[in-house]
file target_4.cif (mmCIF, C-alpha atoms)
data_input
loop_
_atom_site.label_atom_id
_atom_site.label_comp_id
_atom_site.auth_asym_id
_atom_site.auth_seq_id
_atom_site.Cartn_x
_atom_site.Cartn_y
_atom_site.Cartn_z
CA MET A 1 46.17 -5.77 -73.05
CA THR A 2 45.41 -5.12 -69.40
CA GLU A 3 44.01 -8.15 -67.59
CA SER A 4 40.51 -7.61 -66.22
CA PRO A 5 39.94 -7.85 -62.45
CA ALA A 6 37.54 -10.77 -63.01
CA ALA A 7 40.28 -12.73 -64.77
CA ARG A 8 42.52 -12.34 -61.73
CA THR A 9 40.12 -13.87 -59.18
CA THR A 10 41.38 -17.41 -59.85
CA VAL A 11 45.06 -17.96 -59.11
CA PRO A 12 46.70 -20.75 -61.18
CA ALA A 13 48.21 -22.41 -58.12
CA ARG A 14 49.64 -25.92 -58.41
CA SER A 15 52.14 -26.51 -55.60
CA PHE A 16 51.06 -27.17 -52.04
CA GLU A 17 52.61 -23.94 -50.79
CA SER A 18 50.72 -21.85 -53.35
CA LEU A 19 47.43 -23.69 -52.85
CA ALA A 20 47.67 -23.14 -49.09
CA VAL A 21 47.92 -19.40 -49.67
CA HIS A 22 45.51 -18.92 -52.57
CA ALA A 23 42.86 -21.70 -52.71
CA GLY A 24 39.45 -20.26 -51.81
CA GLN A 25 41.03 -16.85 -51.26
CA ALA A 26 40.01 -14.75 -54.28
CA PHE A 27 40.08 -11.03 -53.45
CA ASP A 28 36.86 -9.27 -52.55
CA PRO A 29 35.32 -8.07 -55.86
CA THR A 30 33.54 -5.14 -54.18
CA THR A 31 36.54 -3.50 -52.52
CA GLY A 32 39.54 -5.31 -53.94
CA ALA A 33 40.58 -6.40 -50.44
CA VAL A 34 43.27 -9.07 -50.83
CA ILE A 35 42.05 -10.87 -47.69
CA PRO A 36 38.40 -11.91 -48.12
CA PRO A 37 36.12 -10.40 -45.45
CA VAL A 38 34.84 -12.44 -42.52
CA HIS A 39 31.08 -12.90 -42.95
CA PHE A 40 29.31 -12.86 -39.59
CA SER A 41 25.76 -12.68 -40.91
CA THR A 42 23.47 -15.46 -39.73
CA THR A 43 20.90 -14.99 -42.49
CA TYR A 44 20.87 -13.82 -46.11
CA ALA A 45 18.39 -11.70 -48.06
CA GLN A 46 16.57 -13.43 -50.88
CA ALA A 47 15.64 -11.99 -54.25
CA GLY A 48 12.11 -13.34 -53.97
CA ILE A 49 11.12 -16.53 -52.13
CA GLY A 50 13.78 -19.13 -52.87
CA GLY A 51 15.91 -16.65 -54.77
CA LEU A 52 19.18 -17.28 -52.96
CA HIS A 53 22.37 -15.33 -53.58
CA ASN A 54 25.04 -17.90 -54.48
CA GLY A 55 23.14 -20.52 -52.46
CA TYR A 56 23.38 -18.77 -49.10
CA GLU A 57 20.27 -18.87 -46.95
CA TYR A 58 21.13 -19.37 -43.26
CA GLY A 59 24.40 -19.53 -41.32
CA ARG A 60 24.16 -23.20 -40.38
CA SER A 61 23.67 -24.31 -43.97
CA GLY A 62 26.37 -22.11 -45.42
CA ASN A 63 28.67 -19.19 -44.77
CA PRO A 64 31.08 -17.61 -47.29
CA THR A 65 34.00 -17.67 -44.85
CA ARG A 66 33.41 -21.36 -44.15
CA THR A 67 33.08 -22.04 -47.87
CA ALA A 68 36.46 -20.41 -48.47
CA LEU A 69 38.05 -22.62 -45.81
CA GLU A 70 36.45 -25.76 -47.23
CA ARG A 71 37.77 -24.98 -50.70
CA GLN A 72 41.20 -24.41 -49.21
CA LEU A 73 41.06 -27.71 -47.28
CA ALA A 74 40.01 -29.70 -50.35
CA ALA A 75 42.82 -28.16 -52.39
CA ILE A 76 45.63 -28.84 -49.93
CA GLU A 77 44.52 -32.44 -49.31
CA GLY A 78 43.96 -33.10 -53.02
CA GLY A 79 40.29 -33.98 -52.48
CA LEU A 80 37.02 -33.11 -54.17
CA HIS A 81 34.97 -32.19 -51.10
CA ALA A 82 35.86 -30.75 -47.70
CA PHE A 83 33.74 -29.96 -44.67
CA SER A 84 34.61 -27.75 -41.72
CA PHE A 85 33.26 -28.51 -38.24
CA SER A 86 33.34 -26.95 -34.80
CA SER A 87 35.85 -29.55 -33.52
CA GLY A 88 37.74 -32.61 -34.64
CA LEU A 89 35.37 -34.87 -32.72
CA ALA A 90 32.37 -33.19 -34.38
CA ALA A 91 33.92 -34.02 -37.74
CA GLU A 92 34.50 -37.63 -36.68
CA ASP A 93 30.94 -37.93 -35.38
CA ALA A 94 29.46 -36.69 -38.66
CA LEU A 95 31.52 -39.18 -40.66
CA LEU A 96 30.64 -42.09 -38.40
CA ARG A 97 26.92 -41.24 -38.53
CA ALA A 98 27.11 -40.96 -42.32
CA VAL A 99 28.68 -44.39 -42.75
CA LEU A 100 27.63 -46.66 -39.89
CA GLN A 101 24.45 -48.49 -38.97
CA PRO A 102 23.70 -50.56 -35.85
CA GLY A 103 25.63 -53.80 -36.08
CA ASP A 104 28.56 -52.32 -38.02
CA GLU A 105 32.05 -52.45 -36.58
CA VAL A 106 35.04 -50.11 -36.75
CA LEU A 107 38.54 -51.56 -36.79
CA LEU A 108 40.50 -48.96 -34.86
CA GLY A 109 44.22 -48.45 -34.54
CA SER A 110 45.62 -49.47 -31.16
CA ASP A 111 47.36 -46.13 -30.69
CA VAL A 112 44.91 -43.31 -31.31
CA TYR A 113 43.59 -40.21 -29.61
CA GLY A 114 41.60 -41.20 -26.55
CA GLY A 115 38.64 -39.05 -27.57
CA THR A 116 38.17 -41.06 -30.76
CA TYR A 117 37.93 -44.29 -28.80
CA ARG A 118 35.59 -42.64 -26.28
CA LEU A 119 33.29 -41.46 -29.09
CA LEU A 120 33.09 -44.94 -30.57
CA ALA A 121 32.91 -46.98 -27.38
CA ARG A 122 30.84 -44.77 -25.08
CA VAL A 123 28.69 -42.66 -27.42
CA LEU A 124 28.10 -44.83 -30.49
CA GLY A 125 28.55 -48.16 -28.71
CA PRO A 126 25.15 -48.01 -26.96
CA TRP A 127 23.57 -47.39 -30.38
CA GLY A 128 24.87 -50.73 -31.66
CA VAL A 129 28.22 -49.78 -33.20
CA GLY A 130 31.08 -52.13 -32.40
CA VAL A 131 34.78 -51.30 -32.13
CA ARG A 132 37.75 -53.64 -32.41
CA VAL A 133 41.35 -52.65 -31.86
CA VAL A 134 44.39 -53.74 -33.83
CA ASP A 135 47.94 -52.54 -34.40
CA MET A 136 47.48 -50.85 -37.79
CA SER A 137 51.23 -50.71 -38.37
CA ASP A 138 51.12 -54.53 -38.59
CA LEU A 139 49.30 -55.21 -41.86
CA ASP A 140 49.32 -58.96 -41.21
CA ALA A 141 47.41 -58.35 -37.99
CA VAL A 142 44.94 -56.13 -39.87
CA ALA A 143 44.42 -58.81 -42.52
CA ALA A 144 43.88 -61.48 -39.85
CA SER A 145 41.33 -59.32 -38.04
CA LEU A 146 39.43 -58.65 -41.27
CA ALA A 147 39.47 -62.36 -42.11
CA GLU A 148 37.99 -63.14 -38.72
CA ARG A 149 35.03 -60.86 -39.37
CA PRO A 150 34.37 -57.78 -41.52
CA ALA A 151 34.60 -54.14 -40.51
CA ARG A 152 32.78 -51.23 -42.10
CA ILE A 153 35.61 -48.77 -41.39
CA LEU A 154 39.37 -49.03 -40.93
CA TRP A 155 40.42 -46.04 -38.84
CA VAL A 156 44.09 -45.18 -38.48
CA GLU A 157 46.31 -42.37 -37.27
CA THR A 158 49.70 -42.21 -38.93
CA PRO A 159 51.85 -41.03 -37.27
CA SER A 160 49.83 -42.20 -34.29
CA ASN A 161 49.09 -40.45 -31.02
CA PRO A 162 51.21 -40.62 -28.90
CA LEU A 163 53.59 -43.47 -29.80
CA LEU A 164 54.25 -42.26 -33.36
CA LYS A 165 53.54 -45.60 -35.04
CA ILE A 166 53.63 -45.49 -38.83
CA THR A 167 51.12 -47.33 -41.00
CA ASP A 168 51.65 -48.07 -44.68
CA ILE A 169 48.62 -46.22 -46.11
CA VAL A 170 48.91 -47.85 -49.54
CA GLY A 171 48.94 -51.34 -48.01
CA LEU A 172 46.16 -50.55 -45.56
CA ALA A 173 43.97 -49.12 -48.32
CA ARG A 174 44.47 -52.24 -50.38
CA LEU A 175 43.46 -54.50 -47.48
CA GLY A 176 40.50 -52.33 -46.58
CA HIS A 177 39.12 -52.10 -50.09
CA GLU A 178 39.52 -55.83 -50.67
CA ALA A 179 37.40 -56.33 -47.53
CA GLY A 180 34.81 -53.72 -48.59
CA ALA A 181 35.78 -51.30 -45.82
CA LEU A 182 36.09 -47.53 -45.87
CA VAL A 183 39.65 -46.45 -45.07
CA VAL A 184 39.86 -43.35 -42.88
CA VAL A 185 43.18 -41.66 -42.07
CA ASP A 186 43.50 -39.11 -39.31
CA ASN A 187 46.15 -36.82 -40.80
CA THR A 188 46.36 -34.43 -37.85
CA PHE A 189 49.95 -35.21 -36.84
CA ALA A 190 51.45 -35.05 -40.33
CA SER A 191 49.20 -32.40 -41.86
CA PRO A 192 48.78 -32.20 -45.65
CA ALA A 193 52.06 -30.30 -45.82
CA LEU A 194 53.85 -33.60 -45.13
CA GLN A 195 51.38 -36.32 -46.16
CA GLN A 196 48.34 -36.61 -48.41
CA PRO A 197 46.50 -39.87 -47.66
CA LEU A 198 43.91 -39.59 -50.46
CA SER A 199 46.69 -39.83 -53.03
CA LEU A 200 47.86 -43.02 -51.29
CA GLY A 201 44.46 -44.72 -51.51
CA ALA A 202 42.58 -43.59 -48.40
CA ASP A 203 38.88 -42.76 -48.75
CA VAL A 204 38.58 -40.07 -46.09
CA VAL A 205 40.97 -37.72 -44.33
CA VAL A 206 40.12 -36.45 -40.85
CA HIS A 207 41.69 -33.48 -39.08
CA SER A 208 41.59 -31.80 -35.75
CA ALA A 209 42.07 -28.36 -37.29
CA THR A 210 42.81 -27.16 -33.76
CA LYS A 211 46.31 -28.53 -34.18
CA TYR A 212 48.68 -27.85 -37.09
CA LEU A 213 46.12 -26.42 -39.50
CA GLY A 214 45.21 -23.59 -37.14
CA GLY A 215 48.71 -23.69 -35.79
CA HIS A 216 48.53 -20.96 -33.14
CA SER A 217 46.52 -22.55 -30.28
CA ASP A 218 43.74 -20.00 -30.74
CA VAL A 219 40.99 -21.89 -32.59
CA VAL A 220 39.09 -25.18 -32.16
CA GLY A 221 37.96 -26.91 -35.33
CA GLY A 222 37.72 -30.12 -37.33
CA ALA A 223 37.63 -31.15 -40.95
CA LEU A 224 36.77 -34.01 -43.30
CA VAL A 225 38.03 -34.35 -46.87
CA VAL A 226 36.52 -36.95 -49.22
CA ASP A 227 36.53 -37.81 -52.90
CA ASP A 228 33.30 -39.81 -53.09
CA ASP A 229 30.30 -37.71 -54.18
CA ALA A 230 27.69 -39.90 -52.47
CA LEU A 231 29.53 -39.89 -49.14
CA ALA A 232 30.03 -36.14 -49.46
CA GLU A 233 26.27 -35.64 -49.78
CA LYS A 234 25.66 -37.65 -46.61
CA VAL A 235 28.26 -35.68 -44.67
CA LYS A 236 26.92 -32.40 -46.00
CA PHE A 237 23.41 -33.30 -44.86
CA LEU A 238 24.62 -34.18 -41.35
CA GLN A 239 26.71 -31.03 -41.16
CA PHE A 240 23.50 -29.09 -41.78
CA ALA A 241 21.05 -31.29 -39.87
CA VAL A 242 23.15 -31.75 -36.73
CA GLY A 243 24.71 -28.31 -36.96
CA ALA A 244 28.21 -28.70 -35.52
CA VAL A 245 29.62 -26.19 -38.01
CA SER A 246 32.62 -23.93 -37.55
CA GLY A 247 31.77 -20.30 -36.88
CA PRO A 248 33.02 -17.61 -39.26
CA LEU A 249 35.81 -16.34 -37.02
CA ASP A 250 36.99 -19.90 -36.35
CA ALA A 251 36.97 -20.58 -40.09
CA PHE A 252 38.95 -17.40 -40.74
CA LEU A 253 41.56 -18.22 -38.10
CA THR A 254 41.98 -21.71 -39.55
CA THR A 255 42.38 -20.33 -43.06
CA ARG A 256 44.96 -17.85 -41.81
CA GLY A 257 46.88 -20.63 -40.11
CA ILE A 258 46.89 -22.84 -43.20
CA LYS A 259 48.58 -20.11 -45.25
CA THR A 260 51.79 -20.58 -43.24
CA LEU A 261 51.45 -24.35 -42.78
CA ALA A 262 54.26 -25.32 -45.16
CA VAL A 263 56.90 -23.14 -43.53
CA ARG A 264 55.73 -23.99 -40.02
CA MET A 265 55.83 -27.73 -40.64
CA GLN A 266 59.35 -27.42 -42.02
CA ARG A 267 60.50 -25.70 -38.82
CA HIS A 268 58.51 -28.06 -36.57
CA SER A 269 60.13 -31.04 -38.30
CA GLU A 270 63.64 -29.59 -38.11
CA ASN A 271 63.31 -28.82 -34.41
CA ALA A 272 61.67 -32.15 -33.60
CA GLY A 273 64.43 -34.02 -35.40
CA ALA A 274 67.05 -32.21 -33.32
CA VAL A 275 65.09 -32.88 -30.11
CA ALA A 276 64.77 -36.58 -30.96
CA GLU A 277 68.49 -36.87 -31.66
CA PHE A 278 69.32 -35.14 -28.37
CA LEU A 279 66.96 -37.30 -26.33
CA SER A 280 68.14 -40.52 -28.00
CA ARG A 281 71.65 -39.84 -26.66
CA HIS A 282 70.60 -38.85 -23.14
CA GLU A 283 71.35 -41.36 -20.39
CA ARG A 284 68.11 -40.67 -18.49
CA VAL A 285 65.87 -41.38 -21.50
CA ALA A 286 64.87 -45.02 -21.93
CA HIS A 287 63.36 -44.71 -25.41
CA VAL A 288 62.50 -42.09 -28.03
CA TYR A 289 59.52 -42.39 -30.38
CA TYR A 290 60.10 -40.39 -33.56
CA PRO A 291 59.77 -41.68 -37.15
CA GLY A 292 62.69 -39.54 -38.28
CA LEU A 293 65.14 -41.68 -36.30
CA PRO A 294 66.68 -44.41 -38.49
CA ASP A 295 65.99 -47.09 -35.86
CA HIS A 296 62.27 -46.30 -35.69
CA PRO A 297 60.41 -49.40 -37.03
CA GLY A 298 58.34 -47.23 -39.39
CA HIS A 299 61.18 -45.01 -40.59
CA GLU A 300 61.36 -46.34 -44.14
CA ILE A 301 57.59 -46.19 -44.66
CA ALA A 302 57.44 -42.69 -43.22
CA ALA A 303 60.26 -41.57 -45.50
CA ARG A 304 58.33 -42.97 -48.46
CA GLN A 305 54.88 -41.56 -47.76
CA MET A 306 55.79 -38.34 -45.93
CA SER A 307 57.90 -35.36 -47.02
CA GLY A 308 59.01 -34.72 -43.42
CA PHE A 309 58.69 -36.46 -40.06
CA GLY A 310 56.60 -33.93 -38.16
CA GLY A 311 56.83 -32.00 -34.92
CA ILE A 312 55.81 -34.59 -32.30
CA VAL A 313 58.36 -36.50 -30.24
CA SER A 314 57.47 -38.90 -27.45
CA LEU A 315 59.89 -40.32 -24.93
CA ALA A 316 59.88 -42.98 -22.25
CA LEU A 317 61.60 -42.41 -18.93
CA ALA A 318 62.44 -44.86 -16.16
CA ASP A 319 58.92 -45.06 -14.73
CA GLY A 320 55.69 -43.15 -14.17
CA PRO A 321 56.96 -40.91 -11.34
CA ALA A 322 59.98 -39.89 -13.44
CA ALA A 323 57.72 -39.09 -16.37
CA ARG A 324 55.49 -36.94 -14.20
CA ARG A 325 58.44 -35.06 -12.68
CA PHE A 326 59.89 -34.40 -16.11
CA ALA A 327 56.57 -33.14 -17.51
CA GLU A 328 56.20 -30.78 -14.56
CA SER A 329 59.80 -29.50 -14.71
CA THR A 330 60.15 -28.01 -18.19
CA ARG A 331 59.74 -24.26 -18.60
CA MET A 332 59.71 -23.38 -22.29
CA PHE A 333 57.78 -26.59 -22.98
CA GLN A 334 54.55 -25.58 -21.27
CA LEU A 335 52.51 -28.32 -19.56
CA ALA A 336 49.25 -28.38 -21.50
CA GLU A 337 47.00 -30.55 -23.60
CA SER A 338 46.78 -30.23 -27.38
CA LEU A 339 49.62 -29.87 -29.86
CA GLY A 340 50.60 -28.33 -33.17
CA GLY A 341 50.92 -24.70 -32.12
CA VAL A 342 53.95 -22.52 -32.70
CA GLU A 343 54.82 -22.85 -28.99
CA SER A 344 56.29 -26.01 -27.50
CA LEU A 345 54.12 -28.09 -25.18
CA VAL A 346 54.68 -31.10 -22.94
CA ASN A 347 51.91 -33.55 -22.12
CA TYR A 348 51.59 -36.56 -19.82
CA PRO A 349 49.15 -38.72 -21.83
CA ASP A 350 48.20 -41.22 -19.12
CA GLU A 351 46.52 -38.52 -17.03
CA MET A 352 45.83 -35.90 -19.67
CA THR A 353 44.93 -36.51 -23.34
CA HIS A 354 44.53 -40.29 -23.00
CA ALA A 355 43.00 -40.58 -19.54
CA SER A 356 39.77 -41.87 -21.12
CA VAL A 357 41.52 -45.06 -22.34
CA ARG A 358 43.20 -45.98 -19.06
CA GLY A 359 42.60 -49.62 -18.31
CA THR A 360 41.86 -50.48 -21.95
CA GLU A 361 44.05 -51.98 -24.68
CA LEU A 362 44.69 -48.41 -25.87
CA ALA A 363 46.21 -47.29 -22.57
CA VAL A 364 49.41 -45.29 -22.88
CA PRO A 365 52.37 -46.52 -20.82
CA VAL A 366 52.76 -44.46 -17.65
CA GLU A 367 56.42 -43.75 -18.39
CA VAL A 368 55.64 -41.95 -21.69
CA VAL A 369 55.70 -38.17 -22.17
CA ARG A 370 54.65 -36.45 -25.42
CA LEU A 371 56.33 -33.30 -26.72
CA SER A 372 54.83 -30.96 -29.26
CA VAL A 373 57.97 -29.25 -30.53
CA GLY A 374 57.37 -25.64 -31.51
CA ILE A 375 59.24 -23.21 -33.71
CA GLU A 376 61.37 -21.54 -31.03
CA ALA A 377 65.17 -21.46 -31.21
CA ILE A 378 66.40 -25.06 -30.98
CA ASP A 379 69.19 -24.22 -28.51
CA ASP A 380 66.60 -22.85 -26.07
CA LEU A 381 64.44 -25.96 -26.43
CA LEU A 382 67.36 -28.35 -25.88
CA ALA A 383 68.52 -26.40 -22.85
CA ASP A 384 65.03 -26.60 -21.36
CA LEU A 385 64.85 -30.37 -21.86
CA ASP A 386 68.36 -30.88 -20.52
CA GLY A 387 67.50 -28.89 -17.40
CA ALA A 388 64.35 -30.92 -16.74
CA LEU A 389 66.17 -34.22 -17.25
CA ALA A 390 68.89 -33.12 -14.83
CA LEU A 391 66.27 -32.96 -12.07
CA LEU A 392 65.37 -36.66 -12.37
#

call {"tool": "encode", "arguments": {"input": "target_4.cif", "output": "structure tokens"}}
result
Amino acid sequence: MTESPAARTTVPARSFESLAVHAGQAFDPTTGAVIPPVHFSTTYAQAGIGGLHNGYEYGRSGNPTRTALERQLAAIEGGLHAFSFSSGLAAEDALLRAVLQPGDEVLLGSDVYGGTYRLLARVLGPWGVGVRVVDMSDLDAVAASLAERPARILWVETPSNPLLKITDIVGLARLGHEAGALVVVDNTFASPALQQPLSLGADVVVHSATKYLGGHSDVVGGALVVDDDALAEKVKFLQFAVGAVSGPLDAFLTTRGIKTLAVRMQRHSENAGAVAEFLSRHERVAHVYYPGLPDHPGHEIAARQMSGFGGIVSLALADGPAARRFAESTRMFQLAESLGGVESLVNYPDEMTHASVRGTELAVPVEVVRLSVGIEAIDDLLADLDGALALL
């Protein structure tokens, strides 16, 4: 018997690689187009007042291309609900508004993206939200901080930005839940191809979709993935009421990027591992931060909770001036902010991505440089780094 077209709209995907390609991506039933169309319409005709077609009414409240991305995001993170936003910070803001009230505090990792700290300290701080900082890779320090006074949210990046600290998600989730806190993991550096925090006990996963999910440095976006129905309703309301949604083309570009995420992350990890090994043997490099190196303090935890070590390598040079010269001397590693694209980038955090936390306990050491290792030929990347180091 020939299978009907309707029966073929749902693909029985189970593995991450298959979900990344097929989740939310049923072919167009009108034309049979394998790639679903991008829906640019801002409004939708109704079959009588209130007679919505599949729930679509207005572009801010819903868009089929965004819906497809959100289904894809939920599937690859193993969550029940996913929400796509216009940026990673917009996603963070919606979550924080959904959870926090004046007087609540967030226990924040001591090594996180500067924009996250800025959002908490300078935007939400004047509205009565407190922020405390702790080394999340030290669970004893987390427990002591929670014993001192409660926190509504534990917020961690693992691997962290830019020092690649590794936090035991299972242990952190246990501590957070015992203290009645929501455990939020920023999974941007690892991506769901390498790590799935919800399966390890986290309550919420946050992404800057601009990075590895999009993967080609051509789209800005953010995402939240949650399992709790009540929290999902709050986030959904704020997504609609505040309106920081991803546009249809941005959603499409992110979906397209996710389809190759598994193979890209494999190559990123392979190249980054080779870069880390090279740098660790170089006489002009004082220290290398990469969880794939056996002497990294979080190596064993990373090996347990990740299926690869990722594409970010940070290094410390002799001092700040040496770090600046190195960052300005590479050629294939382009000097730019952001990370996670197919091309290699070099960043000087103290004056670039983390300038907003200078002078705080989250300040990045001036001798540190961050590399986003792309998918180019590894011999070309190593030659570029060797040439830049030779100029120091």

call {"tool": "resolve_selection", "arguments": {"input": "target_4.cif", "expression": "the PyMOL selection byres ((chain A and resi 212-222) around 10)", "output": "PyMOL selection string"}}
result
chain A and resi 73+83-92+188-193+206-211+223-224+244-247+249-262+264-265+268+311+338-343+374

call {"tool": "resolve_selection", "arguments": {"input": "target_4.cif", "expression": "the PyMOL selection byres ((chain A and resi 291) around 8)", "output": "ChimeraX atom specification"}}
result
/A:159,164-166,289-290,292-294,296-299,302,309

call {"tool": "atom_distance", "arguments": {"input": "target_4.cif", "atom1": "atom CA of A:Ala26", "atom2": "atom CA of A:Gly79"}}
result
19.3 Å

call {"tool": "closest_atom_pairs", "arguments": {"input": "target_4.cif", "of": "stretch 161-267 of chain A", "to": "stretch 350-355 of chain A", "cutoff": "12 Å", "atoms": "all atoms listed in the file", "output": "Markdown table"}}
result
| residue | atom | partner | partner_atom | distance |
| --- | --- | --- | --- | --- |
| A:Asn161 | CA | A:His354 | CA | 9.2 |
| A:Pro162 | CA | A:His354 | CA | 8.9 |
| A:Leu163 | CA | A:His354 | CA | 11.8 |

call {"tool": "residues_around", "arguments": {"input": "target_4.cif", "residues": "A:Ala327", "least_positions_apart": "6", "cutoff": "7 Å", "atoms": "only C-alpha atoms", "output": "VMD selection string"}}
result
chain A and resid 335 346 to 348 369

call {"tool": "residues_around", "arguments": {"input": "target_4.cif", "residues": "A:His39", "least_positions_apart": "5", "cutoff": "7 Å", "atoms": "all atoms listed in the file", "output": "PyMOL selection string"}}
result
chain A and resi 63-65+248

call {"tool": "closest_residue", "arguments": {"input": "target_4.cif", "among": "A:Arg370, A:Ala303, A:Pro150, A:Leu194", "to": "A:Ala336", "atoms": "all atoms listed in the file"}}
result
A:Arg370

call {"tool": "closest_residue", "arguments": {"input": "target_4.cif", "among": "A:Gly176, A:Gly387, A:Val106, A:Ala323", "to": "A:Ala147", "atoms": "all atoms listed in the file"}}
result
A:Gly176

call {"tool": "atom_distance", "arguments": {"input": "target_4.cif", "atom1": "atom CA of A:Glu17", "atom2": "atom CA of A:Val263"}}
result
8.5 Å

call {"tool": "closest_residue", "arguments": {"input": "target_4.cif", "among": "A:Arg118, A:Val373, A:Ser160, A:Arg152", "to": "A:Met136", "atoms": "only C-alpha atoms"}}
result
A:Ser160

call {"tool": "atom_distance", "arguments": {"input": "target_4.cif", "atom1": "atom CA of A:Arg281", "atom2": "atom CA of A:Ala390"}}
result
13.9 Å

call {"tool": "resolve_selection", "arguments": {"input": "target_4.cif", "expression": "the PyMOL selection byres ((chain A and resi 179) around 12)", "output": "PyMOL selection string"}}
result
chain A and resi 107+142-154+172-178+180-183

call {"tool": "closest_residue", "arguments": {"input": "target_4.cif", "among": "A:Val204, A:Ala316, A:Leu381, A:Val131", "to": "A:Pro349", "atoms": "only C-alpha atoms"}}
result
A:Ala316

call {"tool": "closest_residue", "arguments": {"input": "target_4.cif", "among": "A:Tyr117, A:Phe240, A:Phe27, A:Tyr58", "to": "A:Leu362", "atoms": "only C-alpha atoms"}}
result
A:Tyr117

call {"tool": "closest_residue", "arguments": {"input": "target_4.cif", "among": "A:Ser199, A:Val285, A:Asp386, A:Ser344", "to": "A:Glu367", "atoms": "all atoms listed in the file"}}
result
A:Val285

call {"tool": "build_atoms", "arguments": {"input": "target_4.cif", "residues": "stretch 350-365 of chain A", "atoms": "N, CA and C atoms", "output": "mmCIF file, keeping the file's coordinate frame"}}
result
data_model
loop_
_atom_site.group_PDB
_atom_site.id
_atom_site.type_symbol
_atom_site.label_atom_id
_atom_site.label_comp_id
_atom_site.auth_asym_id
_atom_site.auth_seq_id
_atom_site.Cartn_x
_atom_site.Cartn_y
_atom_site.Cartn_z
ATOM 1 N N ASP A 350 48.950 -40.325 -19.998
ATOM 2 C CA ASP A 350 48.200 -41.220 -19.120
ATOM 3 C C ASP A 350 47.162 -40.482 -18.289
ATOM 4 N N GLU A 351 47.469 -39.254 -17.870
ATOM 5 C CA GLU A 351 46.520 -38.520 -17.030
ATOM 6 C C GLU A 351 45.933 -37.294 -17.736
ATOM 7 N N MET A 352 46.323 -37.086 -18.976
ATOM 8 C CA MET A 352 45.830 -35.900 -19.670
ATOM 9 C C MET A 352 45.055 -36.318 -20.928
ATOM 10 N N THR A 353 45.663 -36.283 -22.083
ATOM 11 C CA THR A 353 44.930 -36.510 -23.340
ATOM 12 C C THR A 353 44.363 -37.918 -23.479
ATOM 13 N N HIS A 354 44.968 -38.905 -22.822
ATOM 14 C CA HIS A 354 44.530 -40.290 -23.000
ATOM 15 C C HIS A 354 43.981 -40.907 -21.715
ATOM 16 N N ALA A 355 43.556 -40.059 -20.786
ATOM 17 C CA ALA A 355 43.000 -40.580 -19.540
ATOM 18 C C ALA A 355 41.759 -41.433 -19.780
ATOM 19 N N SER A 356 41.010 -41.133 -20.857
ATOM 20 C CA SER A 356 39.770 -41.870 -21.120
ATOM 21 C C SER A 356 40.008 -43.307 -21.559
ATOM 22 N N VAL A 357 41.248 -43.676 -21.922
ATOM 23 C CA VAL A 357 41.520 -45.060 -22.340
ATOM 24 C C VAL A 357 42.361 -45.807 -21.307
ATOM 25 N N ARG A 358 42.514 -45.248 -20.122
ATOM 26 C CA ARG A 358 43.200 -45.980 -19.060
ATOM 27 C C ARG A 358 42.460 -47.282 -18.777
ATOM 28 N N GLY A 359 43.218 -48.334 -18.612
ATOM 29 C CA GLY A 359 42.600 -49.620 -18.310
ATOM 30 C C GLY A 359 42.102 -50.364 -19.528
ATOM 31 N N THR A 360 42.265 -49.805 -20.724
ATOM 32 C CA THR A 360 41.860 -50.480 -21.950
ATOM 33 C C THR A 360 43.115 -50.892 -22.726
ATOM 34 N N GLU A 361 42.900 -51.567 -23.861
ATOM 35 C CA GLU A 361 44.050 -51.980 -24.680
ATOM 36 C C GLU A 361 44.696 -50.804 -25.392
ATOM 37 N N LEU A 362 44.101 -49.604 -25.294
ATOM 38 C CA LEU A 362 44.690 -48.410 -25.870
ATOM 39 C C LEU A 362 45.449 -47.575 -24.839
ATOM 40 N N ALA A 363 45.556 -48.057 -23.619
ATOM 41 C CA ALA A 363 46.210 -47.290 -22.570
ATOM 42 C C ALA A 363 47.645 -46.953 -22.938
ATOM 43 N N VAL A 364 48.047 -45.743 -22.607
ATOM 44 C CA VAL A 364 49.410 -45.290 -22.880
ATOM 45 C C VAL A 364 50.297 -45.652 -21.696
ATOM 46 N N PRO A 365 51.475 -46.194 -21.930
ATOM 47 C CA PRO A 365 52.370 -46.520 -20.820
ATOM 48 C C PRO A 365 52.628 -45.323 -19.914
#
